[in-house]
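So this block is structure_19.cif, mmCIF, C-alpha atoms and all ligand atoms:
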```cif
data_work
loop_
_atom_site.label_atom_id
_atom_site.label_comp_id
_atom_site.auth_asym_id
_atom_site.auth_seq_id
_atom_site.Cartn_x
_atom_site.Cartn_y
_atom_site.Cartn_z
CA MET A 1 -19.60 56.30 30.27
CA SER A 2 -19.93 58.67 27.34
CA THR A 3 -20.51 62.40 27.87
CA PRO A 4 -24.23 63.15 27.65
CA SER A 5 -25.44 65.29 24.74
CA PRO A 6 -28.87 66.95 24.25
CA SER A 7 -29.93 64.03 22.05
CA GLN A 8 -28.57 61.51 24.54
CA PRO A 9 -29.69 62.33 28.09
CA SER A 10 -27.49 61.13 30.93
CA LEU A 11 -28.12 57.86 32.68
CA ARG A 12 -30.46 58.23 35.69
CA VAL A 13 -29.36 56.22 38.71
CA LEU A 14 -31.25 55.66 41.95
CA ILE A 15 -28.86 55.09 44.88
CA PHE A 16 -29.79 54.25 48.46
CA SER A 17 -28.43 52.66 51.60
CA ALA A 18 -30.45 49.95 53.34
CA SER A 19 -29.44 51.14 56.82
CA LEU A 20 -31.52 53.45 59.01
CA ARG A 21 -28.63 54.31 61.35
CA ALA A 22 -27.55 57.97 61.41
CA ASP A 23 -23.83 57.06 61.35
CA SER A 24 -24.31 54.23 58.88
CA LEU A 25 -21.21 53.01 57.04
CA ASN A 26 -23.43 51.91 54.16
CA THR A 27 -24.96 55.36 53.89
CA ARG A 28 -21.43 56.78 53.64
CA LEU A 29 -20.69 54.29 50.88
CA ALA A 30 -23.95 55.17 49.08
CA ARG A 31 -23.02 58.88 49.26
CA LEU A 32 -19.59 58.10 47.86
CA ALA A 33 -21.20 56.11 45.02
CA ALA A 34 -23.51 59.08 44.33
CA ARG A 35 -20.55 61.47 44.09
CA VAL A 36 -18.56 59.16 41.82
CA ALA A 37 -21.55 58.41 39.58
CA ALA A 38 -22.27 62.15 39.22
CA GLN A 39 -18.60 62.79 38.37
CA GLN A 40 -18.95 60.13 35.68
CA GLY A 41 -21.89 61.97 34.12
CA ALA A 42 -24.90 60.20 35.63
CA THR A 43 -27.95 61.99 37.02
CA VAL A 44 -28.21 60.70 40.57
CA ASP A 45 -31.29 60.32 42.76
CA LEU A 46 -29.84 59.71 46.25
CA ALA A 47 -32.61 58.25 48.41
CA SER A 48 -32.89 57.23 52.05
CA MET A 49 -34.34 53.98 53.36
CA ARG A 50 -36.68 56.21 55.37
CA ASP A 51 -38.28 57.33 52.08
CA PHE A 52 -39.38 53.71 51.63
CA ASP A 53 -40.84 53.00 55.04
CA VAL A 54 -43.36 50.11 54.93
CA PRO A 55 -45.10 47.89 57.50
CA ALA A 56 -44.36 44.15 57.64
CA TYR A 57 -45.80 42.46 54.55
CA ASP A 58 -49.33 41.26 55.23
CA GLY A 59 -51.55 39.96 52.43
CA ASP A 60 -54.68 41.10 54.29
CA LEU A 61 -53.28 44.64 54.54
CA GLU A 62 -52.55 44.57 50.83
CA THR A 63 -56.10 43.41 50.04
CA GLY A 64 -57.68 45.93 52.40
CA GLN A 65 -55.53 49.02 51.95
CA GLY A 66 -53.38 48.36 48.90
CA ILE A 67 -49.62 48.68 48.57
CA PRO A 68 -48.21 51.14 51.14
CA ALA A 69 -46.78 54.58 50.33
CA GLY A 70 -43.12 53.60 50.93
CA ALA A 71 -43.27 50.87 48.28
CA GLN A 72 -45.13 53.21 45.91
CA GLU A 73 -42.29 55.68 46.38
CA LEU A 74 -39.63 53.07 45.58
CA ARG A 75 -41.59 52.00 42.51
CA ARG A 76 -41.90 55.63 41.33
CA ARG A 77 -38.18 56.24 41.73
CA LEU A 78 -37.23 52.92 40.08
CA LEU A 79 -39.41 53.79 37.09
CA ASP A 80 -37.75 57.22 36.92
CA SER A 81 -34.30 55.57 36.78
CA ASP A 82 -32.37 53.50 34.29
CA ALA A 83 -30.41 51.68 36.98
CA PHE A 84 -30.16 51.40 40.76
CA VAL A 85 -27.45 50.92 43.37
CA ILE A 86 -28.06 49.53 46.87
CA ALA A 87 -25.49 49.72 49.68
CA SER A 88 -26.64 47.13 52.17
CA PRO A 89 -25.47 46.05 55.61
CA GLU A 90 -25.03 42.35 56.31
CA TYR A 91 -27.07 41.05 59.22
CA ASN A 92 -26.32 37.47 60.26
CA ALA A 93 -24.80 36.64 56.90
CA ALA A 94 -27.83 37.85 54.95
CA MET A 95 -29.53 41.08 53.86
CA PRO A 96 -31.46 43.07 56.50
CA GLY A 97 -35.07 41.92 56.92
CA LEU A 98 -36.13 45.53 56.38
CA LEU A 99 -34.76 45.46 52.83
CA LYS A 100 -36.30 42.10 51.96
CA ASN A 101 -39.66 43.30 53.28
CA LEU A 102 -39.44 46.40 51.06
CA ILE A 103 -38.54 44.25 48.03
CA ASP A 104 -41.50 41.96 48.80
CA TRP A 105 -44.01 44.85 48.92
CA THR A 106 -42.55 46.50 45.80
CA SER A 107 -42.67 43.21 43.90
CA ARG A 108 -46.48 43.29 44.16
CA PHE A 109 -46.91 45.99 41.49
CA ARG A 110 -47.74 45.01 37.93
CA PRO A 111 -45.82 45.58 35.78
CA GLN A 112 -43.23 44.45 38.29
CA PRO A 113 -40.75 47.35 38.62
CA PHE A 114 -37.47 45.47 39.19
CA ASP A 115 -37.84 43.56 35.93
CA GLY A 116 -35.13 44.48 33.41
CA ARG A 117 -33.50 47.16 35.61
CA HIS A 118 -29.74 47.15 36.06
CA ALA A 119 -28.53 46.88 39.66
CA LEU A 120 -25.19 47.27 41.40
CA LEU A 121 -24.77 45.96 44.95
CA LEU A 122 -22.42 47.48 47.53
CA SER A 123 -21.83 46.69 51.19
CA ALA A 124 -19.80 48.02 54.08
CA SER A 125 -19.05 46.30 57.34
CA PRO A 126 -16.46 46.45 60.12
CA SER A 127 -15.72 42.79 59.38
CA MET A 128 -12.91 41.46 57.18
CA VAL A 129 -15.27 40.41 54.39
CA GLY A 130 -17.18 43.67 54.25
CA GLY A 131 -20.69 42.21 54.31
CA ASN A 132 -20.28 40.34 51.04
CA ARG A 133 -22.38 37.34 52.13
CA GLY A 134 -25.33 39.66 52.60
CA LEU A 135 -25.05 40.74 48.97
CA TRP A 136 -25.22 37.14 47.75
CA SER A 137 -28.53 36.80 49.59
CA LEU A 138 -29.72 40.10 48.10
CA ARG A 139 -28.95 38.92 44.56
CA VAL A 140 -31.45 36.07 44.88
CA PRO A 141 -34.76 38.01 45.09
CA LEU A 142 -33.49 40.73 42.73
CA GLU A 143 -32.47 38.24 40.05
CA HIS A 144 -35.68 36.32 40.63
CA LEU A 145 -37.54 39.56 39.91
CA GLY A 146 -35.68 40.04 36.63
CA ALA A 147 -33.18 42.73 37.73
CA ARG A 148 -29.90 42.56 35.83
CA VAL A 149 -27.58 42.38 38.83
CA TYR A 150 -24.02 43.36 37.91
CA PRO A 151 -21.58 40.45 38.49
CA ASP A 152 -18.97 42.50 40.39
CA MET A 153 -20.14 43.57 43.81
CA PHE A 154 -18.11 45.93 45.98
CA SER A 155 -17.77 45.05 49.67
CA LEU A 156 -15.84 47.43 51.90
CA ALA A 157 -14.03 45.51 54.64
CA MET A 158 -13.11 47.16 57.97
CA ALA A 159 -15.32 50.00 56.86
CA HIS A 160 -15.16 51.77 60.22
CA GLN A 161 -11.51 52.56 59.37
CA ALA A 162 -11.76 52.76 55.59
CA PHE A 163 -13.12 56.25 54.92
CA GLY A 164 -10.98 59.33 54.42
CA ASP A 165 -12.48 62.82 54.26
CA ASP A 166 -14.51 62.49 51.09
CA GLN A 167 -13.27 59.22 49.68
CA LEU A 168 -11.72 55.92 50.70
CA ALA A 169 -8.47 56.30 52.62
CA ASP A 170 -6.73 53.69 50.46
CA ALA A 171 -6.20 55.19 46.97
CA THR A 172 -5.94 51.77 45.30
CA LEU A 173 -9.25 50.73 46.80
CA GLN A 174 -10.84 54.03 45.72
CA ALA A 175 -9.59 53.43 42.16
CA ARG A 176 -11.10 49.94 42.25
CA PHE A 177 -14.41 51.41 43.48
CA ASP A 178 -14.40 54.04 40.69
CA LYS A 179 -13.71 51.37 38.04
CA ASN A 180 -16.42 49.09 39.38
CA LEU A 181 -18.97 51.89 39.21
CA GLN A 182 -17.79 53.05 35.79
CA ALA A 183 -18.05 49.55 34.33
CA PHE A 184 -21.56 49.17 35.75
CA LEU A 185 -22.71 52.56 34.44
CA SER A 186 -21.26 51.81 31.00
CA LEU A 187 -23.17 48.56 30.80
CA ALA A 188 -26.41 50.19 31.97
CA GLU A 189 -25.93 52.98 29.44
CA ALA A 190 -25.26 50.52 26.61
CA ALA A 191 -28.41 48.60 27.56
CA LYS A 192 -30.42 51.84 27.56
CA HIS A 193 -29.40 52.71 24.01
CA TYR A 194 -29.17 49.18 22.63
CA PRO A 195 -31.85 47.23 24.48
CA CYS A 196 -31.58 43.47 24.19
CA ILE A 197 -34.62 41.29 23.83
CA LYS A 198 -37.03 41.89 26.70
CA ARG A 199 -37.92 38.63 28.32
CA ALA A 200 -41.33 37.91 29.78
CA TRP A 201 -41.29 37.81 33.56
CA VAL A 202 -43.17 34.83 34.94
CA GLU A 203 -42.80 34.19 38.63
CA PHE A 204 -43.72 30.53 38.92
CA LEU A 205 -42.41 28.77 35.83
CA GLY A 206 -44.10 25.46 35.17
CA GLU A 207 -47.22 26.13 37.23
CA THR A 208 -50.61 25.99 35.58
CA PRO A 209 -51.74 29.62 35.19
CA GLY A 210 -54.68 30.46 37.40
CA THR A 211 -55.67 33.07 39.94
CA PRO A 212 -53.56 31.89 42.92
CA ALA A 213 -50.35 31.72 40.87
CA ASP A 214 -51.12 34.54 38.45
CA ARG A 215 -47.90 36.54 38.74
CA VAL A 216 -47.21 37.30 35.09
CA ASP A 217 -46.44 40.74 33.68
CA ALA A 218 -48.67 41.80 30.84
CA ALA A 219 -46.68 42.04 27.59
C1 LIG A 301 -28.42 42.14 63.91
C2 LIG A 301 -27.04 42.38 63.38
C3 LIG A 301 -26.38 41.35 62.74
C4 LIG A 301 -25.10 41.58 62.19
N1 LIG A 301 -24.51 40.58 61.49
C5 LIG A 301 -23.37 40.84 60.80
C6 LIG A 301 -22.81 39.88 59.90
O1 LIG A 301 -23.32 38.79 59.73
N2 LIG A 301 -21.69 40.21 59.23
C7 LIG A 301 -21.08 41.43 59.37
O2 LIG A 301 -20.10 41.70 58.70
N3 LIG A 301 -21.58 42.36 60.22
C8 LIG A 301 -22.71 42.09 60.94
N4 LIG A 301 -23.24 43.04 61.76
C9 LIG A 301 -22.50 44.28 61.97
C10 LIG A 301 -22.82 45.29 60.91
O3 LIG A 301 -22.06 45.01 59.76
C11 LIG A 301 -22.48 46.69 61.42
O4 LIG A 301 -23.31 46.99 62.53
C12 LIG A 301 -22.60 47.72 60.34
O5 LIG A 301 -22.05 48.93 60.80
C13 LIG A 301 -24.07 47.91 59.96
O6 LIG A 301 -24.18 48.73 58.82
P1 LIG A 301 -24.42 50.31 58.92
O7 LIG A 301 -23.19 50.90 59.53
O8 LIG A 301 -24.61 50.74 57.52
O9 LIG A 301 -25.64 50.55 59.78
C14 LIG A 301 -24.49 42.84 62.34
C15 LIG A 301 -25.16 43.85 63.02
C16 LIG A 301 -26.43 43.63 63.52
C17 LIG A 301 -27.14 44.76 64.21
#
```

Whole structure, structure tokens version:
Amino acid sequence: MSTPSPSQPSLRVLIFSASLRADSLNTRLARLAARVAAQQGATVDLASMRDFDVPAYDGDLETGQGIPAGAQELRRRLLDSDAFVIASPEYNAAMPGLLKNLIDWTSRFRPQPFDGRHALLLSASPSMVGGNRGLWSLRVPLEHLGARVYPDMFSLAMAHQAFGDDQLADATLQARFDKNLQAFLSLAEAAKHYPCIKRAWVEFLGETPGTPADRVDAA
């Protein structure tokens, strides 16, 4: 990433962990990502999943009371950012239901706030594969919603033993983490200054437009 100058403000990155647990390994990884991103010149908004608390998605609730405060908060912070990073646990080889539910609520805003935003996915797990299968499931709704999900995802295996005092215990792994983040931030920064063609986001391609399937962002 280049050094920010007054005419070129630093990249703003929203980072949060999708775990509610106080001793969460993913929250530790999110904090590490926040430190590294700040060292690399980004302006970091480190959020907690508790900031985005929402009830189970219910279309009647949406019609009666609107989109809940937790999803409004995520939308606000996404719009204030150029890119976002999620550190997510893997539950039963997929993303936590809590996270999917939050994505579902937040996807109800128009314009749809994930569209065109750059995303980096991280995971931490005590297992040998570090929760990587969960990230593949997380890519699906995010890409569907038009987020530019970075190809390299970082999954921290045996995470319960992987942390040192303020970084990863294995220096080679820490260097790999730093590089992964740097490459992502560089791409997001390049996209901020040299935007490529914005594509229209249409949820149900091929369907006849009409009220029940009307999920198209206004140009
Ligand atoms: C319901 C449930 C399902 C889980 N399934 C998986 C799994 O499929 N793969 C895995 O690596 N870990 C799995 N775990 C273990 C979590 O990776 C572990 O609890 C991890 O510490 C959770 O993330 P956190 O520390 O950020 O809260 C599961 C845990 C729970 C509670």

Task: Protein and nucleic residues near ligand LIG 301 (chain A), 10 Å, only C-alpha atoms and all ligand atoms, as a PyMOL selection string - done: chain A and resi 17-30+87-97+123-134+155-160

Task: d(CA of Ala191 (chain A), CA of Glu203 (chain A)) in Å - done: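 Atom-to-atom, CA of Ala191 (chain A) and CA of Glu203 (chain A) are spaced 23.2 Å apart.
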
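Proximity to Ala119 (chain A) was assessed for A:Tyr194, A:Trp136, A:Trp105, A:Phe184 counting all atoms listed in the file; the smallest distance is recorded for A:Phe184.
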
TODO: Quick one: pull the distance between CA of Pro113 (chain A) and CA of Leu187 (chain A), Å, one decimal.
DONE: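 For CA of Pro113 (chain A) relative to CA of Leu187 (chain A), the distance reads 19.3 Å.
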
Task: Distance criterion (only C-alpha atoms): nearest to Gly41 (chain A) out of A:Leu11, A:Ala190, A:Leu120, A:Leu74 - done: A:Leu11

- [ ] Write out as number ranges by chain which residues come within 6 Å of region 45-58 of chain A when counting all atoms listed in the file, dropping same-chain ones fewer than 5 positions away.
- [x] A: 14-16, 18, 70-71

Go ahead and write the selection's residues with C-alpha atoms as a PDB file, in the coordinates of the input.
```pdb
ATOM      1  CA  LEU A  14     -31.250  55.660  41.950  1.00  0.00           C
ATOM      2  CA  ILE A  15     -28.860  55.090  44.880  1.00  0.00           C
ATOM      3  CA  PHE A  16     -29.790  54.250  48.460  1.00  0.00           C
ATOM      4  CA  ALA A  18     -30.450  49.950  53.340  1.00  0.00           C
ATOM      5  CA  GLY A  70     -43.120  53.600  50.930  1.00  0.00           C
ATOM      6  CA  ALA A  71     -43.270  50.870  48.280  1.00  0.00           C
TER       7      ALA A  71
END
```

Against region 170-183 of chain A, which residues of region 44-91 of chain A fall within 12 Å? For each one I want the closest pair of atoms and the distance in Å (one decimal), counting all atoms listed in the file, rows by chain and increasing residue number, as JSON lines.
```
{"residue": "A:Ala83", "atom": "CA", "partner": "A:Leu181", "partner_atom": "CA", "distance": 11.7}
{"residue": "A:Phe84", "atom": "CA", "partner": "A:Leu181", "partner_atom": "CA", "distance": 11.3}
{"residue": "A:Val85", "atom": "CA", "partner": "A:Leu181", "partner_atom": "CA", "distance": 9.5}
```

TODO: Write out as a list of chain:residue names each polymer residue whose atoms come within 10 Å of Phe109 (chain A), counting only C-alpha atoms; drop sequence neighbours fewer than 3 positions from it.
DONE: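 Returned residues: A:Ile67, A:Ala71, A:Gln72, A:Arg75, A:Asp104, A:Trp105, A:Thr106, A:Gln112, A:Pro113, A:Phe114, A:Arg215, A:Asp217.
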
TODO: May I ask which of the residues A:Arg108, A:Arg12, A:Arg117, A:His144 is the closest one to Glu62 (chain A), counting all atoms listed in the file?
DONE: A:Arg108

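Here CA of Leu142 (chain A) is placed at a distance of 8.6 Å from CA of Asp115 (chain A).
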